[in-house]
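What follows is the content of structure_36.txt (compact mmCIF, C-alpha atoms (C1' of nucleotides)).
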```txt
# COMPACT_ATOMS: atom_id res chain seq x y z
CA MET A 1 106.66 -18.22 22.14
CA ALA A 2 108.95 -18.20 25.10
CA VAL A 3 106.98 -16.31 27.68
CA THR A 4 109.13 -15.00 30.47
CA LYS A 5 107.52 -15.70 33.75
CA THR A 6 107.19 -12.60 35.91
CA VAL A 7 105.69 -11.87 39.27
CA GLU A 8 103.91 -8.83 40.57
CA ARG A 9 106.33 -7.02 42.76
CA THR A 10 103.53 -5.15 44.52
CA GLU A 11 104.07 -7.27 47.62
CA ALA A 12 101.70 -9.83 46.15
CA ALA A 13 103.82 -12.93 46.77
CA PRO A 14 105.60 -12.80 50.10
CA GLU A 15 106.91 -16.31 49.69
CA TYR A 16 109.04 -15.33 46.71
CA ILE A 17 112.53 -14.33 47.71
CA SER A 18 115.59 -12.72 46.18
CA ILE A 19 118.75 -14.56 45.32
CA ARG A 20 120.32 -13.05 48.40
CA GLU A 21 117.78 -14.63 50.68
CA ALA A 22 117.81 -17.85 48.73
CA ALA A 23 121.54 -18.11 49.21
CA GLU A 24 121.25 -17.42 52.92
CA ARG A 25 118.51 -19.97 53.42
CA THR A 26 120.17 -22.74 51.49
CA GLY A 27 123.71 -22.18 52.63
CA LEU A 28 125.03 -21.74 49.11
CA THR A 29 126.42 -18.59 47.54
CA GLN A 30 124.68 -16.48 44.93
CA ARG A 31 127.36 -17.43 42.48
CA THR A 32 126.72 -21.10 43.12
CA LEU A 33 122.98 -20.68 42.58
CA ARG A 34 123.59 -19.04 39.21
CA TYR A 35 126.15 -21.66 38.34
CA TYR A 36 123.79 -24.51 39.14
CA GLU A 37 121.08 -22.86 37.10
CA GLU A 38 123.51 -22.51 34.20
CA LEU A 39 124.33 -26.20 34.42
CA GLY A 40 120.66 -27.08 34.39
CA LEU A 41 120.59 -28.35 37.96
CA LEU A 42 118.00 -25.74 38.84
CA LYS A 43 115.20 -24.68 36.59
CA PRO A 44 115.26 -20.96 35.84
CA PRO A 45 113.32 -19.20 38.59
CA ALA A 46 110.78 -16.46 38.05
CA ARG A 47 112.00 -12.94 37.42
CA VAL A 48 110.76 -9.48 38.21
CA SER A 49 110.33 -7.15 35.24
CA GLY A 50 113.77 -5.77 35.95
CA GLY A 51 115.29 -9.20 35.40
CA GLN A 52 116.05 -10.16 38.97
CA ARG A 53 115.49 -13.74 40.06
CA LEU A 54 112.66 -14.63 42.38
CA TYR A 55 112.78 -18.01 44.06
CA SER A 56 109.64 -19.87 45.04
CA PRO A 57 109.47 -22.22 48.02
CA GLU A 58 109.61 -25.12 45.57
CA ASP A 59 112.77 -23.68 44.10
CA ILE A 60 114.25 -23.51 47.57
CA ALA A 61 113.31 -27.11 48.26
CA ARG A 62 114.98 -28.18 45.08
CA ILE A 63 118.11 -26.23 45.88
CA LYS A 64 118.31 -27.92 49.24
CA GLN A 65 117.91 -31.29 47.63
CA VAL A 66 120.74 -30.59 45.21
CA ARG A 67 122.89 -29.55 48.11
CA ARG A 68 122.11 -32.74 49.98
CA LEU A 69 122.99 -34.81 46.96
CA LYS A 70 126.32 -33.07 46.79
CA GLU A 71 127.28 -32.86 50.44
CA LEU A 72 125.76 -36.02 51.86
CA LEU A 73 126.10 -38.38 48.96
CA ASN A 74 129.17 -36.76 47.49
CA PHE A 75 127.71 -36.65 44.00
CA SER A 76 129.43 -34.69 41.27
CA LEU A 77 127.41 -31.99 39.59
CA ASP A 78 127.25 -34.18 36.53
CA GLU A 79 125.73 -37.01 38.48
CA ILE A 80 123.30 -34.64 40.10
CA LYS A 81 122.25 -33.49 36.70
CA THR A 82 121.22 -36.96 35.67
CA VAL A 83 119.27 -37.23 38.89
CA VAL A 84 117.41 -33.97 38.50
CA ASP A 85 116.76 -34.70 34.85
CA ALA A 86 115.11 -37.88 36.03
CA GLU A 87 113.06 -35.88 38.46
CA GLU A 88 112.09 -33.58 35.65
CA ALA A 89 110.74 -36.63 33.92
CA LYS A 90 108.72 -37.42 37.02
CA GLN A 91 107.17 -33.97 37.00
CA HIS A 92 106.31 -34.32 33.34
CA LEU A 93 104.71 -37.64 33.82
CA ARG A 94 102.64 -36.26 36.66
CA ALA A 95 101.45 -33.52 34.37
CA ASP A 96 100.74 -36.18 31.78
CA VAL A 97 98.70 -38.17 34.22
CA LYS A 98 96.59 -35.16 34.90
CA ALA A 99 96.34 -34.38 31.21
CA GLU A 100 95.08 -37.95 30.62
CA ARG A 101 96.84 -39.70 27.74
CA SER A 102 97.95 -43.22 27.00
CA LEU A 103 97.80 -45.15 30.25
CA LYS A 104 100.34 -47.74 29.26
CA ARG A 105 102.83 -45.07 28.43
CA LYS A 106 102.30 -43.44 31.78
CA LEU A 107 102.70 -46.74 33.52
CA LYS A 108 106.04 -47.32 31.88
CA GLN A 109 107.26 -43.86 32.77
CA MET A 110 106.12 -44.20 36.34
CA ARG A 111 107.93 -47.47 36.65
CA GLU A 112 111.09 -45.81 35.43
CA ALA A 113 110.68 -43.03 37.95
CA ALA A 114 110.10 -45.56 40.70
CA GLU A 115 113.17 -47.46 39.63
CA ILE A 116 115.32 -44.35 39.77
CA THR A 117 114.02 -43.53 43.21
CA ALA A 118 114.64 -47.07 44.36
CA HIS A 119 118.15 -46.86 43.06
CA GLN A 120 118.84 -43.67 44.96
CA LEU A 121 117.33 -45.25 48.03
CA ALA A 122 119.66 -48.21 47.71
CA MET A 123 122.66 -45.93 47.43
CA VAL A 124 121.63 -44.04 50.53
CA GLU A 125 121.16 -47.27 52.42
CA GLU A 126 124.55 -48.52 51.39
CA LYS A 127 126.20 -45.34 52.57
CA ILE A 128 124.38 -45.54 55.84
CA ALA A 129 125.62 -49.08 56.33
CA GLN A 130 129.19 -48.06 55.62
CA MET A 131 128.95 -45.18 58.02
CA GLN A 132 127.54 -47.38 60.73
CA ALA A 133 130.51 -49.67 60.35
CA MET A 134 132.74 -46.64 60.74
CA LYS A 135 130.76 -45.61 63.77
CA LYS A 136 131.33 -48.98 65.40
CA GLU A 137 135.03 -48.73 64.85
CA LEU A 138 135.15 -45.30 66.42
CA ALA A 139 133.02 -46.39 69.34
CA ARG A 140 135.35 -49.29 69.97
CA ASP A 141 138.35 -46.97 69.89
CA LEU A 142 136.66 -44.62 72.28
CA ALA A 143 135.80 -47.39 74.70
CA GLY A 144 139.39 -48.48 74.65
CA PHE A 145 140.57 -45.00 75.48
CA ASN A 146 138.14 -44.62 78.33
CA GLU A 147 139.18 -47.93 79.75
CA ARG A 148 142.81 -46.92 79.75
CA ILE A 149 141.95 -43.57 81.26
CA GLN A 150 140.27 -45.41 84.13
CA GLN A 151 143.34 -47.54 84.62
CA VAL A 152 145.72 -44.62 84.71
CA GLN A 153 143.44 -42.75 87.05
CA GLN A 154 143.41 -45.65 89.49
CA GLU A 155 147.16 -45.90 89.29
CA ILE A 156 147.44 -42.26 90.28
CA GLU A 157 145.04 -42.66 93.17
CA GLY A 158 146.67 -45.86 94.34
CA ARG A 159 150.01 -44.15 94.45
CA GLY A 160 148.60 -41.09 96.12
CA GLU A 161 150.78 -39.01 93.83
CA MET B 1 170.80 -39.77 62.16
CA ALA B 2 167.89 -40.42 59.84
CA VAL B 3 167.92 -44.18 59.55
CA THR B 4 166.06 -45.38 56.51
CA LYS B 5 163.87 -48.30 57.39
CA THR B 6 164.49 -51.28 55.18
CA VAL B 7 163.13 -54.77 55.02
CA GLU B 8 164.76 -58.02 53.99
CA ARG B 9 163.53 -58.78 50.56
CA THR B 10 164.50 -62.43 50.87
CA GLU B 11 160.83 -63.35 51.14
CA ALA B 12 161.08 -62.75 54.87
CA ALA B 13 157.94 -60.65 55.28
CA PRO B 14 155.12 -61.89 53.10
CA GLU B 15 152.70 -59.37 54.56
CA TYR B 16 154.65 -56.48 53.09
CA ILE B 17 153.35 -55.52 49.70
CA SER B 18 154.36 -53.32 46.79
CA ILE B 19 152.71 -50.06 45.88
CA ARG B 20 150.94 -51.86 43.08
CA GLU B 21 149.26 -54.28 45.42
CA ALA B 22 148.59 -51.57 47.95
CA ALA B 23 146.79 -49.58 45.29
CA GLU B 24 144.76 -52.57 44.23
CA ARG B 25 143.75 -53.47 47.75
CA THR B 26 142.77 -49.98 48.78
CA GLY B 27 141.08 -48.88 45.61
CA LEU B 28 143.37 -45.89 45.14
CA THR B 29 145.96 -45.32 42.45
CA GLN B 30 149.69 -45.47 42.94
CA ARG B 31 149.87 -41.80 42.17
CA THR B 32 147.34 -41.08 44.88
CA LEU B 33 149.28 -43.09 47.42
CA ARG B 34 152.44 -41.14 46.70
CA TYR B 35 150.49 -37.91 46.74
CA TYR B 36 148.95 -38.66 50.12
CA GLU B 37 152.35 -39.56 51.47
CA GLU B 38 153.74 -36.29 50.13
CA LEU B 39 150.96 -34.39 51.89
CA GLY B 40 151.71 -36.17 55.14
CA LEU B 41 148.46 -38.11 55.19
CA LEU B 42 150.38 -41.36 55.19
CA LYS B 43 153.58 -41.93 57.04
CA PRO B 44 156.43 -42.96 54.75
CA PRO B 45 156.31 -46.74 54.38
CA ALA B 46 159.30 -49.02 54.58
CA ARG B 47 161.53 -49.34 51.55
CA VAL B 48 163.61 -52.06 50.00
CA SER B 49 167.26 -51.23 49.54
CA GLY B 50 166.49 -50.20 46.00
CA GLY B 51 164.14 -47.52 47.24
CA GLN B 52 160.81 -49.14 46.44
CA ARG B 53 158.01 -48.75 48.93
CA LEU B 54 156.82 -51.66 51.02
CA TYR B 55 153.47 -51.30 52.73
CA SER B 56 152.72 -53.06 55.98
CA PRO B 57 149.22 -54.23 56.95
CA GLU B 58 149.04 -51.23 59.32
CA ASP B 59 149.87 -48.94 56.42
CA ILE B 60 147.07 -50.50 54.44
CA ALA B 61 144.64 -50.03 57.30
CA ARG B 62 145.59 -46.40 57.52
CA ILE B 63 145.18 -45.89 53.81
CA LYS B 64 141.71 -47.37 54.00
CA GLN B 65 140.85 -45.07 56.85
CA VAL B 66 141.98 -42.02 54.89
CA ARG B 67 139.89 -43.19 51.99
CA ARG B 68 136.84 -43.59 54.21
CA LEU B 69 137.32 -40.12 55.61
CA LYS B 70 137.38 -38.78 52.10
CA GLU B 71 134.65 -40.77 50.45
CA LEU B 72 132.22 -41.34 53.27
CA LEU B 73 132.61 -38.17 55.24
CA ASN B 74 133.55 -36.01 52.28
CA PHE B 75 136.56 -34.54 54.04
CA SER B 76 139.07 -32.47 52.12
CA LEU B 77 142.64 -33.67 52.23
CA ASP B 78 143.45 -30.71 54.45
CA GLU B 79 140.83 -31.76 56.96
CA ILE B 80 142.05 -35.32 56.83
CA LYS B 81 145.52 -34.08 57.60
CA THR B 82 144.38 -32.53 60.86
CA VAL B 83 142.66 -35.79 61.72
CA VAL B 84 145.64 -37.99 61.05
CA ASP B 85 147.92 -35.57 62.83
CA ALA B 86 145.66 -36.03 65.82
CA GLU B 87 145.97 -39.78 65.44
CA GLU B 88 149.70 -39.40 65.31
CA ALA B 89 149.43 -37.79 68.70
CA LYS B 90 147.48 -40.82 69.90
CA GLN B 91 150.22 -43.16 68.76
CA HIS B 92 152.82 -41.03 70.48
CA LEU B 93 150.95 -41.03 73.69
CA ARG B 94 150.62 -44.79 73.54
CA ALA B 95 154.35 -45.05 73.16
CA ASP B 96 154.67 -42.66 76.08
CA VAL B 97 152.42 -44.83 78.17
CA LYS B 98 154.64 -47.78 77.52
CA ALA B 99 157.74 -45.68 78.18
CA GLU B 100 156.27 -44.81 81.55
CA ARG B 101 156.54 -41.09 82.38
CA SER B 102 154.35 -38.64 84.23
CA LEU B 103 150.99 -40.24 84.75
CA LYS B 104 149.09 -37.01 84.96
CA ARG B 105 150.51 -35.88 81.67
CA LYS B 106 149.52 -39.14 80.07
CA LEU B 107 146.05 -38.83 81.49
CA LYS B 108 145.61 -35.41 79.97
CA GLN B 109 146.83 -36.58 76.59
CA MET B 110 144.58 -39.59 76.64
CA ARG B 111 141.63 -37.42 77.44
CA GLU B 112 142.45 -35.28 74.44
CA ALA B 113 142.68 -38.33 72.24
CA ALA B 114 139.37 -39.58 73.56
CA GLU B 115 137.85 -36.19 72.92
CA ILE B 116 139.02 -36.20 69.33
CA THR B 117 137.62 -39.65 68.80
CA ALA B 118 134.35 -38.63 70.41
CA HIS B 119 134.20 -35.64 68.10
CA GLN B 120 134.68 -37.78 65.03
CA LEU B 121 132.07 -40.15 66.34
CA ALA B 122 129.62 -37.30 66.73
CA MET B 123 130.23 -36.16 63.18
CA VAL B 124 129.61 -39.63 61.87
CA GLU B 125 126.41 -39.88 63.88
CA GLU B 126 125.19 -36.56 62.58
CA LYS B 127 125.80 -37.62 59.02
CA ILE B 128 123.99 -40.87 59.62
CA ALA B 129 121.02 -38.96 60.98
CA GLN B 130 120.95 -36.68 57.94
CA MET B 131 121.13 -39.60 55.62
CA GLN B 132 118.35 -41.40 57.41
CA ALA B 133 116.17 -38.34 56.96
CA MET B 134 117.00 -38.44 53.30
CA LYS B 135 116.19 -42.13 53.22
CA LYS B 136 112.77 -41.47 54.69
CA GLU B 137 112.02 -38.89 52.06
CA LEU B 138 113.02 -41.24 49.30
CA ALA B 139 111.03 -44.08 50.79
CA ARG B 140 107.98 -41.86 50.96
CA ASP B 141 108.45 -40.85 47.34
CA LEU B 142 108.81 -44.45 46.31
CA ALA B 143 105.69 -45.49 48.16
CA GLY B 144 103.79 -42.72 46.42
CA PHE B 145 104.96 -43.90 43.05
CA ASN B 146 104.06 -47.49 43.72
CA GLU B 147 100.63 -46.47 44.87
CA ARG B 148 100.01 -44.55 41.69
CA ILE B 149 101.33 -47.39 39.63
CA GLN B 150 98.75 -49.66 41.26
CA GLN B 151 96.02 -47.18 40.47
CA VAL B 152 96.95 -46.86 36.84
CA GLN B 153 97.25 -50.60 36.50
CA GLN B 154 93.75 -51.10 37.84
CA GLU B 155 92.42 -48.47 35.51
CA ILE B 156 93.92 -50.34 32.59
CA GLU B 157 92.48 -53.66 33.71
CA GLY B 158 89.11 -52.14 34.47
CA ARG B 159 88.93 -50.83 30.96
CA GLY B 160 90.15 -54.02 29.43
CA GLU B 161 92.36 -51.94 27.20
C1' DC C 1 117.95 13.72 40.37
C1' DC C 2 121.35 11.26 41.95
C1' DA C 3 123.58 8.25 44.99
C1' DC C 4 123.51 3.88 46.87
C1' DG C 5 122.44 -0.78 47.16
C1' DC C 6 121.18 -4.82 44.99
C1' DC C 7 120.84 -7.17 40.88
C1' DT C 8 122.51 -8.74 36.02
C1' DT C 9 125.86 -11.19 32.56
C1' DA C 10 130.51 -12.25 30.95
C1' DA C 11 134.95 -13.36 31.58
C1' DC C 12 138.93 -14.65 33.76
C1' DG C 13 141.29 -16.67 38.01
C1' DC C 14 142.19 -20.05 41.33
C1' DT C 15 142.34 -24.20 44.36
C1' DT C 16 141.88 -29.07 44.94
C1' DA C 17 143.06 -33.53 43.66
C1' DC C 18 144.94 -35.88 41.22
C1' DG C 19 146.55 -37.67 35.76
C1' DT C 20 150.24 -37.99 32.77
C1' DC C 21 154.48 -37.75 30.92
C1' DA C 22 159.75 -37.83 31.07
C1' DA C 23 163.97 -39.53 32.50
C1' DC C 24 165.98 -42.64 35.02
C1' DG C 25 167.01 -46.77 38.61
C1' DT C 26 166.01 -51.71 39.95
C1' DC C 27 165.07 -56.51 39.84
C1' DA C 28 163.96 -61.09 38.10
C1' DG C 29 164.28 -64.33 34.49
C1' DA C 30 166.19 -66.26 29.95
C1' DT D 1 174.26 -59.83 30.70
C1' DC D 2 170.54 -58.16 28.57
C1' DT D 3 165.66 -57.37 28.48
C1' DG D 4 161.28 -56.07 30.07
C1' DA D 5 158.29 -55.20 33.88
C1' DC D 6 157.96 -52.39 37.68
C1' DG D 7 159.48 -48.63 40.60
C1' DT D 8 161.39 -43.80 41.59
C1' DT D 9 161.18 -38.56 41.57
C1' DG D 10 160.09 -34.30 39.40
C1' DA D 11 157.36 -31.46 36.44
C1' DC D 12 153.65 -30.06 33.93
C1' DG D 13 148.60 -30.78 32.60
C1' DT D 14 143.72 -30.75 33.67
C1' DA D 15 138.83 -31.07 35.16
C1' DA D 16 135.54 -29.62 38.60
C1' DG D 17 133.66 -26.14 41.26
C1' DC D 18 133.26 -22.26 42.26
C1' DG D 19 135.54 -16.94 43.54
C1' DT D 20 136.31 -12.52 41.87
C1' DT D 21 136.25 -8.66 39.07
C1' DA D 22 134.40 -5.68 35.43
C1' DA D 23 130.80 -3.16 33.40
C1' DG D 24 126.50 -2.02 33.69
C1' DG D 25 120.86 -1.90 34.71
C1' DC D 26 117.09 -0.83 38.05
C1' DG D 27 114.72 1.46 41.80
C1' DT D 28 114.25 3.81 45.92
C1' DG D 29 115.14 7.29 49.62
C1' DG D 30 116.81 11.77 50.60
```
Since I need it in another form, could you write the structure as structure tokens?
Amino acid sequence: MAVTKTVERTEAAPEYISIREAAERTGLTQRTLRYYEELGLLKPPARVSGGQRLYSPEDIARIKQVRRLKELLNFSLDEIKTVVDAEEAKQHLRADVKAERSLKRKLKQMREAAEITAHQLAMVEEKIAQMQAMKKELARDLAGFNERIQQVQQEIEGRGE
Amino acid sequence: MAVTKTVERTEAAPEYISIREAAERTGLTQRTLRYYEELGLLKPPARVSGGQRLYSPEDIARIKQVRRLKELLNFSLDEIKTVVDAEEAKQHLRADVKAERSLKRKLKQMREAAEITAHQLAMVEEKIAQMQAMKKELARDLAGFNERIQQVQQEIEGRGE
DNA sequence: CCACGCCTTAACGCTTACGTCAACGTCAGA
DNA sequence: TCTGACGTTGACGTAAGCGTTAAGGCGTGG
């Protein structure tokens, strides 16, 4: 019985925003938001009775996370999908924990979730290391330039040109 | 009088390598190397008399830099082109410095080069900062998971299940 | 009540960044 | 000298990631 979530539009929920606002706040376009939803990267947001999307703060947070995965870590949308699917699993297991079922099962699932998170963490750390190496190189270049600038400047002054 | 650079192929320069090796060492494909060259991201390498490309160690270094710009900083090839064009300018000015001309001119050019480098450095630093924020978030998540795992484990032991 | 603005889905278009032939030269070894 | 591996330049193909347009629904202010 697929119940379509709706929200009172009688100013009840001020934190719910239109796709326009969502796009502005996340730096993506409306088209991109719909596209990501279509791909399953974003779970379908709430709708008003008229059918228009209403994004919750959690939705916004998730959108920002997807964007970070893409822009910072350079993940493809496919890769992001596997990540968010994993996060879905996390949510489910949290619900499970609250619903109280087999503890061993939960333990296994939580370990998987932790492993995924650890993996992502490792990737981020690796990228940071690479970028710090790049930073060093650039800093060295810059120092070299500044040194030469000093030299040339002294030459000019010495000459009194 | 466009003189085509050539290199003795009588084993004279062991540091010069074929496009195959260049691709292997840089992690790009041969096609990509030719494509980048076509776009002006790489300066045309030396050739043997037969027309085959020979990459110098400097060429290889440049290729790796282009790759870093793409993969680490997520630059488009267009953006990379502006960067390498700027670096071209640096090289030219270095040649100028050796050729000894107007010192003031050189000074101005060197300042520009330094500015460009500083700009790139700033971008790298910003990305590092963003990624460290992301790292913190992930670390926090992971800690939360591990904590919960401990809890569940104790529950299991306490029960003697 | 109707015009205007914002939303919807569906479909096609387009750019980037290469992959993949095809057709042909080159070079080293048997 | 022939053969087979490797290289060359086009030219066309293609997947990802959206942009853009079409055709229409909803609701709100004048």
Nearest residue to chain A from the set B:Arg25, B:His92, B:Lys70, B:Lys81 (distances using all atoms listed in the file): B:Lys70
Contact residues (chain B, partner chain A, 8 Å, all atoms listed in the file) as a PyMOL selection string: chain B and resi 71-74+103-104+107+110-111+113-114+117-118+120-121+124-125+127-128+130-132+134-135+138-139+141-142+145-146+149+152-153+156
Could you list, as a JSON list (two decimals) with C-alpha atoms (C1' of nucleotides), keeping the file's coordinate frame, every residue within 12 Å of stretch 11-25 of chain D, counting all atoms listed in the file and ignoring same-chain residues fewer than 6 positions away?
```json
[["chain", "number", "residue", "atom", "x", "y", "z"],
["A", 28, "LEU", "CA", 125.03, -21.74, 49.11],
["A", 29, "THR", "CA", 126.42, -18.59, 47.54],
["A", 30, "GLN", "CA", 124.68, -16.48, 44.93],
["A", 31, "ARG", "CA", 127.36, -17.43, 42.48],
["A", 32, "THR", "CA", 126.72, -21.10, 43.12],
["A", 33, "LEU", "CA", 122.98, -20.68, 42.58],
["A", 34, "ARG", "CA", 123.59, -19.04, 39.21],
["A", 35, "TYR", "CA", 126.15, -21.66, 38.34],
["A", 36, "TYR", "CA", 123.79, -24.51, 39.14],
["A", 39, "LEU", "CA", 124.33, -26.20, 34.42],
["A", 49, "SER", "CA", 110.33, -7.15, 35.24],
["A", 50, "GLY", "CA", 113.77, -5.77, 35.95],
["A", 51, "GLY", "CA", 115.29, -9.20, 35.40],
["A", 52, "GLN", "CA", 116.05, -10.16, 38.97],
["A", 70, "LYS", "CA", 126.32, -33.07, 46.79],
["A", 75, "PHE", "CA", 127.71, -36.65, 44.00],
["A", 76, "SER", "CA", 129.43, -34.69, 41.27],
["A", 77, "LEU", "CA", 127.41, -31.99, 39.59],
["A", 78, "ASP", "CA", 127.25, -34.18, 36.53],
["C", 6, "DC", "C1'", 121.18, -4.82, 44.99],
["C", 7, "DC", "C1'", 120.84, -7.17, 40.88],
["C", 8, "DT", "C1'", 122.51, -8.74, 36.02],
["C", 9, "DT", "C1'", 125.86, -11.19, 32.56],
["C", 10, "DA", "C1'", 130.51, -12.25, 30.95],
["C", 11, "DA", "C1'", 134.95, -13.36, 31.58],
["C", 12, "DC", "C1'", 138.93, -14.65, 33.76],
["C", 13, "DG", "C1'", 141.29, -16.67, 38.01],
["C", 14, "DC", "C1'", 142.19, -20.05, 41.33],
["C", 15, "DT", "C1'", 142.34, -24.20, 44.36],
["C", 16, "DT", "C1'", 141.88, -29.07, 44.94],
["C", 17, "DA", "C1'", 143.06, -33.53, 43.66],
["C", 18, "DC", "C1'", 144.94, -35.88, 41.22],
["C", 19, "DG", "C1'", 146.55, -37.67, 35.76],
["C", 20, "DT", "C1'", 150.24, -37.99, 32.77],
["C", 21, "DC", "C1'", 154.48, -37.75, 30.92],
["C", 22, "DA", "C1'", 159.75, -37.83, 31.07],
["C", 23, "DA", "C1'", 163.97, -39.53, 32.50]]
```
Between atom CA of B:Ser56 and atom CA of B:Leu42 - distance in Å to one decimal: 12.0 Å
Chain D contacts to chain B at 12 Å (only C-alpha atoms (C1' of nucleotides)) as a compact mmCIF listing (two decimals) with C-alpha atoms (C1' of nucleotides), in the coordinates of the input:
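Dumped everything to part04.txt:
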```
# COMPACT_ATOMS: atom_id res chain seq x y z
C1' DC D 6 157.96 -52.39 37.68
C1' DG D 7 159.48 -48.63 40.60
C1' DT D 8 161.39 -43.80 41.59
C1' DT D 9 161.18 -38.56 41.57
```
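The interatomic distance for the pair atom CA of A:Glu87 and atom CA of A:Ile17 works out to 23.5 Å.
With only C-alpha atoms as the atoms that count, the residue of A:Leu54, A:Ile63, A:Ala46, A:Leu41 with the shortest distance to A:Glu79 is A:Leu41.
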Straight-line distance linking atom CA of B:Pro57 with atom CA of B:Val83, stated in Å to one decimal: 20.1 Å
